[in-house]
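Asks: The structure file protein.csv (CSV, N, CA and C atoms) is provided below.
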chain,number,residue,atom,x,y,z
A,1,GLN,N,-52.8,-27.8,-53.3
A,1,GLN,CA,-51.4,-28.2,-53.5
A,1,GLN,C,-50.6,-27.7,-52.4
A,2,VAL,N,-49.9,-28.6,-51.7
A,2,VAL,CA,-49.1,-28.2,-50.6
A,2,VAL,C,-47.8,-27.5,-51.1
A,3,GLN,N,-47.5,-26.4,-50.4
A,3,GLN,CA,-46.2,-25.7,-50.7
A,3,GLN,C,-45.6,-25.2,-49.4
A,4,LEU,N,-44.3,-25.4,-49.4
A,4,LEU,CA,-43.4,-24.8,-48.3
A,4,LEU,C,-42.3,-24.0,-49.1
A,5,VAL,N,-42.3,-22.7,-48.8
A,5,VAL,CA,-41.3,-21.9,-49.5
A,5,VAL,C,-40.4,-21.2,-48.5
A,6,GLU,N,-39.2,-21.6,-48.5
A,6,GLU,CA,-38.2,-20.9,-47.6
A,6,GLU,C,-37.6,-19.7,-48.3
A,7,SER,N,-37.2,-18.8,-47.4
A,7,SER,CA,-36.5,-17.5,-47.8
A,7,SER,C,-35.6,-17.0,-46.7
A,8,GLY,N,-34.7,-16.1,-47.0
A,8,GLY,CA,-33.9,-15.5,-46.0
A,8,GLY,C,-32.5,-15.9,-45.9
A,9,GLY,N,-32.1,-16.9,-46.7
A,9,GLY,CA,-30.8,-17.4,-46.7
A,9,GLY,C,-29.8,-16.4,-47.3
A,10,GLY,N,-28.5,-16.7,-47.2
A,10,GLY,CA,-27.5,-15.8,-47.8
A,10,GLY,C,-26.2,-16.1,-47.2
A,11,LEU,N,-25.3,-15.1,-47.5
A,11,LEU,CA,-23.9,-15.2,-47.0
A,11,LEU,C,-23.7,-14.2,-45.9
A,12,VAL,N,-23.1,-14.7,-44.8
A,12,VAL,CA,-23.0,-13.9,-43.6
A,12,VAL,C,-21.6,-14.3,-42.9
A,13,GLN,N,-21.0,-13.3,-42.3
A,13,GLN,CA,-19.8,-13.6,-41.6
A,13,GLN,C,-20.1,-14.3,-40.2
A,14,ALA,N,-19.1,-15.0,-39.8
A,14,ALA,CA,-19.2,-15.7,-38.5
A,14,ALA,C,-19.5,-14.7,-37.4
A,15,GLY,N,-20.4,-15.0,-36.5
A,15,GLY,CA,-20.9,-14.1,-35.5
A,15,GLY,C,-22.1,-13.3,-35.9
A,16,GLY,N,-22.5,-13.4,-37.2
A,16,GLY,CA,-23.6,-12.6,-37.6
A,16,GLY,C,-24.9,-13.3,-37.5
A,17,SER,N,-26.0,-12.7,-38.0
A,17,SER,CA,-27.3,-13.2,-37.8
A,17,SER,C,-28.0,-13.3,-39.2
A,18,LEU,N,-29.0,-14.2,-39.2
A,18,LEU,CA,-29.9,-14.3,-40.3
A,18,LEU,C,-31.3,-14.8,-39.8
A,19,ARG,N,-32.3,-14.4,-40.5
A,19,ARG,CA,-33.7,-14.9,-40.1
A,19,ARG,C,-34.3,-15.6,-41.4
A,20,LEU,N,-34.5,-16.9,-41.2
A,20,LEU,CA,-35.1,-17.7,-42.3
A,20,LEU,C,-36.6,-17.7,-42.1
A,21,SER,N,-37.4,-17.7,-43.2
A,21,SER,CA,-38.8,-17.7,-43.1
A,21,SER,C,-39.3,-18.9,-44.0
A,22,CYS,N,-40.4,-19.5,-43.6
A,22,CYS,CA,-41.0,-20.5,-44.4
A,22,CYS,C,-42.5,-20.2,-44.5
A,23,ALA,N,-43.0,-20.0,-45.7
A,23,ALA,CA,-44.4,-19.7,-46.0
A,23,ALA,C,-45.1,-21.0,-46.4
A,24,ALA,N,-46.1,-21.4,-45.7
A,24,ALA,CA,-46.8,-22.7,-46.0
A,24,ALA,C,-48.2,-22.4,-46.6
A,25,SER,N,-48.6,-23.3,-47.5
A,25,SER,CA,-50.0,-23.2,-48.1
A,25,SER,C,-50.4,-24.6,-48.5
A,26,GLY,N,-51.7,-24.8,-48.6
A,26,GLY,CA,-52.3,-26.1,-49.1
A,26,GLY,C,-52.6,-27.1,-48.0
A,27,PHE,N,-52.4,-26.7,-46.7
A,27,PHE,CA,-52.8,-27.6,-45.6
A,27,PHE,C,-53.1,-26.8,-44.4
A,28,THR,N,-53.6,-27.4,-43.4
A,28,THR,CA,-54.0,-26.7,-42.1
A,28,THR,C,-52.8,-26.5,-41.3
A,29,PHE,N,-52.1,-25.4,-41.5
A,29,PHE,CA,-50.8,-25.1,-40.9
A,29,PHE,C,-50.8,-25.3,-39.4
A,30,SER,N,-51.9,-24.7,-38.7
A,30,SER,CA,-51.9,-24.7,-37.3
A,30,SER,C,-52.0,-26.1,-36.7
A,31,GLY,N,-52.3,-27.1,-37.5
A,31,GLY,CA,-52.4,-28.5,-37.0
A,31,GLY,C,-51.2,-29.3,-37.2
A,32,TYR,N,-50.1,-28.7,-37.7
A,32,TYR,CA,-48.9,-29.4,-38.0
A,32,TYR,C,-47.7,-29.0,-37.2
A,33,THR,N,-46.9,-29.9,-36.8
A,33,THR,CA,-45.6,-29.6,-36.2
A,33,THR,C,-44.7,-29.2,-37.4
A,34,MET,N,-44.0,-28.1,-37.2
A,34,MET,CA,-43.1,-27.5,-38.2
A,34,MET,C,-41.6,-27.7,-37.7
A,35,GLY,N,-40.8,-28.1,-38.7
A,35,GLY,CA,-39.4,-28.3,-38.3
A,35,GLY,C,-38.5,-27.7,-39.3
A,36,TRP,N,-37.2,-27.4,-38.9
A,36,TRP,CA,-36.1,-27.0,-39.7
A,36,TRP,C,-35.1,-28.0,-39.7
A,37,PHE,N,-34.6,-28.4,-40.8
A,37,PHE,CA,-33.5,-29.3,-41.0
A,37,PHE,C,-32.4,-28.6,-41.9
A,38,ARG,N,-31.2,-29.1,-41.8
A,38,ARG,CA,-30.1,-28.6,-42.7
A,38,ARG,C,-29.3,-29.7,-43.2
A,39,GLN,N,-28.6,-29.4,-44.3
A,39,GLN,CA,-27.7,-30.4,-45.0
A,39,GLN,C,-26.5,-29.7,-45.5
A,40,ALA,N,-25.4,-30.1,-44.9
A,40,ALA,CA,-24.1,-29.5,-45.3
A,40,ALA,C,-23.5,-30.4,-46.5
A,41,PRO,N,-22.6,-29.8,-47.3
A,41,PRO,CA,-22.1,-30.6,-48.4
A,41,PRO,C,-21.4,-31.9,-47.9
A,42,GLY,N,-21.8,-33.0,-48.5
A,42,GLY,CA,-21.2,-34.3,-48.2
A,42,GLY,C,-21.7,-34.9,-46.9
A,43,LYS,N,-22.7,-34.3,-46.3
A,43,LYS,CA,-23.2,-34.8,-45.0
A,43,LYS,C,-24.7,-35.1,-45.2
A,44,GLU,N,-25.2,-35.9,-44.2
A,44,GLU,CA,-26.7,-36.2,-44.2
A,44,GLU,C,-27.5,-35.0,-43.7
A,45,ARG,N,-28.7,-35.0,-44.0
A,45,ARG,CA,-29.6,-34.0,-43.5
A,45,ARG,C,-29.8,-34.2,-42.0
A,46,GLU,N,-29.7,-33.1,-41.2
A,46,GLU,CA,-29.8,-33.2,-39.8
A,46,GLU,C,-30.9,-32.2,-39.2
A,47,PHE,N,-31.4,-32.6,-38.1
A,47,PHE,CA,-32.4,-31.8,-37.4
A,47,PHE,C,-31.8,-30.6,-36.8
A,48,VAL,N,-32.6,-29.5,-36.9
A,48,VAL,CA,-32.1,-28.2,-36.3
A,48,VAL,C,-33.1,-27.8,-35.2
A,49,ALA,N,-34.4,-27.7,-35.5
A,49,ALA,CA,-35.3,-27.2,-34.6
A,49,ALA,C,-36.7,-27.6,-35.0
A,50,ALA,N,-37.7,-27.7,-34.0
A,50,ALA,CA,-39.1,-28.0,-34.3
A,50,ALA,C,-40.0,-27.2,-33.4
A,51,SER,N,-41.2,-26.9,-33.9
A,51,SER,CA,-42.2,-26.3,-33.2
A,51,SER,C,-43.5,-27.1,-33.2
A,52,ALA,N,-43.9,-27.7,-32.1
A,52,ALA,CA,-45.1,-28.5,-32.0
A,52,ALA,C,-46.3,-27.7,-32.2
A,53,PHE,N,-47.3,-28.3,-32.8
A,53,PHE,CA,-48.6,-27.6,-33.0
A,53,PHE,C,-49.4,-27.6,-31.7
A,54,ILE,N,-49.1,-28.5,-30.8
A,54,ILE,CA,-49.8,-28.5,-29.5
A,54,ILE,C,-48.9,-28.0,-28.4
A,55,GLY,N,-49.4,-27.0,-27.7
A,55,GLY,CA,-48.7,-26.5,-26.5
A,55,GLY,C,-47.6,-25.6,-26.7
A,56,GLY,N,-47.2,-25.4,-27.9
A,56,GLY,CA,-46.1,-24.4,-28.2
A,56,GLY,C,-44.8,-24.9,-27.9
A,57,SER,N,-44.6,-26.3,-27.7
A,57,SER,CA,-43.3,-26.8,-27.3
A,57,SER,C,-42.3,-26.6,-28.5
A,58,THR,N,-41.1,-26.4,-28.1
A,58,THR,CA,-40.0,-26.3,-29.1
A,58,THR,C,-38.9,-27.2,-28.8
A,59,TYR,N,-38.2,-27.6,-29.8
A,59,TYR,CA,-37.1,-28.6,-29.7
A,59,TYR,C,-35.9,-28.1,-30.5
A,60,TYR,N,-34.7,-28.4,-30.0
A,60,TYR,CA,-33.5,-27.9,-30.7
A,60,TYR,C,-32.4,-29.0,-30.7
A,61,ALA,N,-31.7,-29.0,-31.7
A,61,ALA,CA,-30.4,-29.8,-31.7
A,61,ALA,C,-29.5,-29.2,-30.7
A,62,ASP,N,-28.7,-30.0,-30.0
A,62,ASP,CA,-27.8,-29.5,-29.0
A,62,ASP,C,-26.8,-28.4,-29.6
A,63,SER,N,-26.4,-28.6,-30.9
A,63,SER,CA,-25.5,-27.8,-31.5
A,63,SER,C,-26.0,-26.3,-31.8
A,64,VAL,N,-27.3,-26.1,-31.7
A,64,VAL,CA,-27.8,-24.8,-32.0
A,64,VAL,C,-28.5,-24.2,-30.8
A,65,LYS,N,-28.6,-24.9,-29.7
A,65,LYS,CA,-29.3,-24.3,-28.5
A,65,LYS,C,-28.6,-23.1,-28.0
A,66,GLY,N,-29.5,-22.0,-27.8
A,66,GLY,CA,-29.0,-20.8,-27.3
A,66,GLY,C,-28.6,-19.8,-28.4
A,67,ARG,N,-28.5,-20.3,-29.7
A,67,ARG,CA,-28.1,-19.4,-30.8
A,67,ARG,C,-29.3,-19.3,-31.8
A,68,LEU,N,-30.0,-20.4,-32.0
A,68,LEU,CA,-31.1,-20.4,-33.0
A,68,LEU,C,-32.4,-20.5,-32.3
A,69,THR,N,-33.4,-19.8,-32.8
A,69,THR,CA,-34.7,-19.8,-32.2
A,69,THR,C,-35.8,-20.0,-33.2
A,70,ILE,N,-36.6,-21.0,-33.0
A,70,ILE,CA,-37.8,-21.3,-33.9
A,70,ILE,C,-39.0,-20.6,-33.4
A,71,SER,N,-39.8,-20.0,-34.3
A,71,SER,CA,-41.1,-19.5,-33.9
A,71,SER,C,-42.1,-19.7,-35.1
A,72,ARG,N,-43.3,-19.5,-34.8
A,72,ARG,CA,-44.4,-19.7,-35.8
A,72,ARG,C,-45.4,-18.6,-35.6
A,73,ASP,N,-46.1,-18.3,-36.7
A,73,ASP,CA,-47.2,-17.4,-36.7
A,73,ASP,C,-48.4,-18.1,-37.5
A,74,ASN,N,-49.3,-18.7,-36.7
A,74,ASN,CA,-50.3,-19.5,-37.4
A,74,ASN,C,-51.3,-18.6,-38.2
A,75,ALA,N,-51.4,-17.3,-37.8
A,75,ALA,CA,-52.2,-16.4,-38.6
A,75,ALA,C,-51.6,-16.2,-40.0
A,76,LYS,N,-50.3,-16.3,-40.1
A,76,LYS,CA,-49.6,-16.0,-41.4
A,76,LYS,C,-49.2,-17.3,-42.0
A,77,ASN,N,-49.5,-18.5,-41.4
A,77,ASN,CA,-49.1,-19.7,-42.0
A,77,ASN,C,-47.6,-19.8,-42.3
A,78,SER,N,-46.8,-19.3,-41.3
A,78,SER,CA,-45.4,-19.2,-41.4
A,78,SER,C,-44.6,-19.6,-40.2
A,79,VAL,N,-43.4,-20.2,-40.5
A,79,VAL,CA,-42.5,-20.5,-39.4
A,79,VAL,C,-41.2,-19.9,-39.7
A,80,TYR,N,-40.5,-19.5,-38.6
A,80,TYR,CA,-39.2,-18.7,-38.8
A,80,TYR,C,-38.1,-19.4,-38.0
A,81,LEU,N,-36.9,-19.1,-38.4
A,81,LEU,CA,-35.7,-19.5,-37.7
A,81,LEU,C,-34.8,-18.3,-37.5
A,82,GLN,N,-34.7,-17.8,-36.3
A,82,GLN,CA,-33.8,-16.7,-36.1
A,82,GLN,C,-32.4,-17.3,-35.7
A,83,MET,N,-31.4,-16.9,-36.5
A,83,MET,CA,-30.1,-17.5,-36.3
A,83,MET,C,-29.1,-16.4,-35.9
A,84,ASN,N,-28.6,-16.6,-34.7
A,84,ASN,CA,-27.6,-15.6,-34.1
A,84,ASN,C,-26.3,-16.3,-33.9
A,85,SER,N,-25.3,-15.5,-33.7
A,85,SER,CA,-23.9,-16.0,-33.4
A,85,SER,C,-23.6,-17.2,-34.3
A,86,LEU,N,-23.8,-17.0,-35.6
A,86,LEU,CA,-23.6,-18.0,-36.6
A,86,LEU,C,-22.1,-18.5,-36.6
A,87,LYS,N,-21.9,-19.7,-36.9
A,87,LYS,CA,-20.6,-20.3,-37.0
A,87,LYS,C,-20.5,-21.0,-38.4
A,88,SER,N,-19.2,-21.2,-38.8
A,88,SER,CA,-19.0,-21.8,-40.1
A,88,SER,C,-19.7,-23.2,-40.2
A,89,GLU,N,-19.8,-23.9,-39.1
A,89,GLU,CA,-20.4,-25.2,-39.2
A,89,GLU,C,-22.0,-25.1,-39.3
A,90,ASP,N,-22.5,-23.9,-39.3
A,90,ASP,CA,-23.9,-23.7,-39.6
A,90,ASP,C,-24.2,-23.7,-41.1
A,91,THR,N,-23.2,-23.7,-41.9
A,91,THR,CA,-23.3,-23.6,-43.3
A,91,THR,C,-24.1,-24.8,-43.9
A,92,GLY,N,-25.0,-24.6,-44.8
A,92,GLY,CA,-25.7,-25.7,-45.4
A,92,GLY,C,-27.0,-25.2,-46.0
A,93,VAL,N,-27.7,-26.1,-46.6
A,93,VAL,CA,-29.1,-25.8,-47.1
A,93,VAL,C,-30.1,-26.1,-46.0
A,94,TYR,N,-30.9,-25.1,-45.8
A,94,TYR,CA,-31.9,-25.2,-44.7
A,94,TYR,C,-33.3,-25.5,-45.3
A,95,TYR,N,-33.9,-26.5,-44.8
A,95,TYR,CA,-35.2,-27.0,-45.2
A,95,TYR,C,-36.3,-26.8,-44.2
A,96,CYS,N,-37.4,-26.4,-44.6
A,96,CYS,CA,-38.6,-26.3,-43.8
A,96,CYS,C,-39.4,-27.6,-44.0
A,97,ALA,N,-40.0,-28.2,-42.9
A,97,ALA,CA,-40.8,-29.4,-43.1
A,97,ALA,C,-42.0,-29.3,-42.2
A,98,ALA,N,-43.1,-30.1,-42.6
A,98,ALA,CA,-44.3,-30.1,-41.8
A,98,ALA,C,-44.7,-31.6,-41.6
A,99,GLY,N,-45.1,-31.9,-40.4
A,99,GLY,CA,-45.5,-33.2,-40.1
A,99,GLY,C,-46.6,-33.3,-39.1
A,100,VAL,N,-47.4,-34.4,-39.1
A,100,VAL,CA,-48.5,-34.6,-38.1
A,100,VAL,C,-48.8,-36.1,-38.0
A,101,GLY,N,-49.5,-36.4,-36.9
A,101,GLY,CA,-50.1,-37.7,-36.8
A,101,GLY,C,-49.1,-38.8,-36.4
A,102,SER,N,-49.5,-40.1,-36.7
A,102,SER,CA,-48.8,-41.2,-36.2
A,102,SER,C,-47.4,-41.3,-36.8
A,103,ARG,N,-47.2,-40.9,-38.0
A,103,ARG,CA,-45.9,-40.9,-38.6
A,103,ARG,C,-44.9,-40.1,-37.8
A,104,LEU,N,-45.3,-38.9,-37.4
A,104,LEU,CA,-44.4,-38.1,-36.6
A,104,LEU,C,-44.3,-38.6,-35.2
A,105,LEU,N,-45.3,-39.1,-34.7
A,105,LEU,CA,-45.3,-39.6,-33.3
A,105,LEU,C,-44.3,-40.8,-33.2
A,106,VAL,N,-44.3,-41.7,-34.2
A,106,VAL,CA,-43.5,-42.8,-34.2
A,106,VAL,C,-42.0,-42.4,-34.4
A,107,ALA,N,-41.8,-41.6,-35.4
A,107,ALA,CA,-40.4,-41.2,-35.8
A,107,ALA,C,-39.8,-40.2,-34.8
A,108,GLY,N,-40.6,-39.3,-34.3
A,108,GLY,CA,-40.1,-38.3,-33.4
A,108,GLY,C,-39.8,-37.0,-34.2
A,109,VAL,N,-39.9,-35.9,-33.5
A,109,VAL,CA,-39.8,-34.6,-34.2
A,109,VAL,C,-38.4,-34.3,-34.7
A,110,THR,N,-37.4,-35.1,-34.3
A,110,THR,CA,-36.0,-34.8,-34.7
A,110,THR,C,-35.6,-35.7,-35.9
A,111,LYS,N,-36.5,-36.5,-36.4
A,111,LYS,CA,-36.2,-37.4,-37.5
A,111,LYS,C,-36.9,-36.9,-38.8
A,112,SER,N,-36.2,-36.9,-39.9
A,112,SER,CA,-36.8,-36.4,-41.1
A,112,SER,C,-37.9,-37.3,-41.6
A,113,LEU,N,-37.9,-38.6,-41.3
A,113,LEU,CA,-38.9,-39.6,-41.7
A,113,LEU,C,-40.3,-39.2,-41.1
A,114,GLY,N,-40.3,-38.4,-40.1
A,114,GLY,CA,-41.6,-38.1,-39.5
A,114,GLY,C,-42.3,-37.0,-40.2
A,115,TYR,N,-41.8,-36.4,-41.2
A,115,TYR,CA,-42.4,-35.2,-41.8
A,115,TYR,C,-42.9,-35.6,-43.2
A,116,ASP,N,-44.1,-35.0,-43.5
A,116,ASP,CA,-44.8,-35.3,-44.7
A,116,ASP,C,-44.4,-34.4,-45.9
A,117,TYR,N,-44.2,-33.1,-45.5
A,117,TYR,CA,-44.0,-32.1,-46.6
A,117,TYR,C,-42.7,-31.4,-46.4
A,118,TRP,N,-42.1,-31.0,-47.5
A,118,TRP,CA,-40.7,-30.4,-47.4
A,118,TRP,C,-40.7,-29.2,-48.4
A,119,GLY,N,-39.9,-28.2,-48.1
A,119,GLY,CA,-39.6,-27.1,-49.0
A,119,GLY,C,-38.4,-27.5,-49.8
A,120,GLN,N,-38.1,-26.5,-50.7
A,120,GLN,CA,-36.9,-26.7,-51.6
A,120,GLN,C,-35.6,-26.3,-51.0
A,121,GLY,N,-35.7,-25.6,-49.9
A,121,GLY,CA,-34.4,-25.2,-49.2
A,121,GLY,C,-33.9,-23.9,-49.5
A,122,THR,N,-33.2,-23.3,-48.6
A,122,THR,CA,-32.5,-22.0,-48.8
A,122,THR,C,-31.1,-22.1,-48.3
A,123,GLN,N,-30.1,-21.6,-49.1
A,123,GLN,CA,-28.7,-21.8,-48.8
A,123,GLN,C,-28.3,-20.7,-47.7
A,124,VAL,N,-27.6,-21.2,-46.7
A,124,VAL,CA,-26.9,-20.4,-45.7
A,124,VAL,C,-25.4,-20.7,-45.7
A,125,THR,N,-24.7,-19.6,-45.9
A,125,THR,CA,-23.2,-19.8,-46.0
A,125,THR,C,-22.6,-18.8,-44.9
A,126,VAL,N,-21.9,-19.4,-44.0
A,126,VAL,CA,-21.2,-18.6,-43.0
A,126,VAL,C,-19.7,-18.6,-43.2
A,127,SER,N,-19.2,-17.4,-43.5
A,127,SER,CA,-17.7,-17.3,-43.7
A,127,SER,C,-17.0,-17.0,-42.4
A,128,SER,N,-15.8,-17.7,-42.3
A,128,SER,CA,-15.0,-17.5,-41.1
A,128,SER,C,-14.0,-16.4,-41.3
Would you encode the structure as structure tokens?
Replies:
Amino acid sequence: QVQLVESGGGLVQAGGSLRLSCAASGFTFSGYTMGWFRQAPGKEREFVAASAFIGGSTYYADSVKGRLTISRDNAKNSVYLQMNSLKSEDTGVYYCAAGVGSRLLVAGVTKSLGYDYWGQGTQVTVSS
């Protein structure tokens, strides 16, 4: 049974930091591209960052470059999102996702349609 379980969300003041974690099970983690997406109230889910399973490439939304960092530990079947210099617009539910193969290749790592598995999400609230 595939599971993605996010943790580490919470309430933080603007300028602060949080570290999100996503623990994966039920699939070959090292063979999957892992992504983080977020959804703010009343808005569509948007891409935040991704870590490709080949070559260690990482991808970021322009709005988070230089502030958020994605990393993965294949030995622990986990992916992380270090969030620094947080802003109120970073508020939302953060989702971990896993994708591989032609579906991801066609859709691209920044599109939610490319991912096969999703976690339940963790709330991040940044107060100004």
Asks: From the list A:Met34, A:Leu86, A:Cys22, A:Ser63, which residue is nearest Ala49 (chain A) when using only N, CA and C atoms?
Replies: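 Using only N, CA and C atoms, Ala49 (chain A) sits closest to A:Met34.
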Asks: Would you work out the distance separating CA of Pro41 (chain A) from atom C of Val93 (chain A), expressed in Å to one decimal?
Replies: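 One can read the CA of Pro41 (chain A) to atom C of Val93 (chain A) distance as 9.5 Å.
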Asks: If I take CA of Gly66 (chain A) and CA of Leu18 (chain A), how far is one from the other in Å, to one decimal?
Replies: 14.6 Å
Asks: So the first atom is atom N of Gln3 (chain A) and the second is atom C of Cys96 (chain A); what is the distance between them in Å, to one decimal place?
Replies: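 Between these atoms lies a distance of 10.4 Å.
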Asks: My list of candidates is A:Lys76, A:Gly10, A:Thr91, A:Ala98. Which is closest to Thr33 (chain A) when distances are computed with all atoms listed in the file?
Replies: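 The shortest atom-to-atom distance to Thr33 (chain A) comes from A:Ala98.
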Asks: Which residue gives the smallest distance to Leu81 (chain A) among A:Leu20, A:Val2, A:Ala50, A:Gly8, with only C-alpha atoms counted?
Replies: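 Under the stated criterion, the closest residue is A:Leu20.
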Asks: Could you tell me which of A:Ser21, A:Ser51, A:Ser102, A:Ser85 comes closest to Val5 (chain A) if we count only C-alpha atoms?
Replies: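 Smallest separation from Val5 (chain A) among the options: A:Ser21.
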Asks: Could you check which of A:Lys43, A:Glu6, A:Ser30, A:Ser17 is closest to Asn74 (chain A), using all atoms listed in the file?
Replies: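 Closest residue, counting all atoms listed in the file: A:Ser30.
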Asks: Can you list every residue in chain A that DSSP puts in helix (DSSP H, G or I), as an MDAnalysis selection string?
Replies: chainID A and resid 29:31 88:90 101:107 112:114
Asks: Go through A:Glu89, A:Gly35, A:Glu44, A:Arg67 one by one, measure the shortest atom-to-atom distance of each to Val126 (chain A) using all atoms listed in the file, and give the residue with the smallest value.
Replies: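 With all atoms listed in the file as the atom set, the closest residue is A:Glu89.
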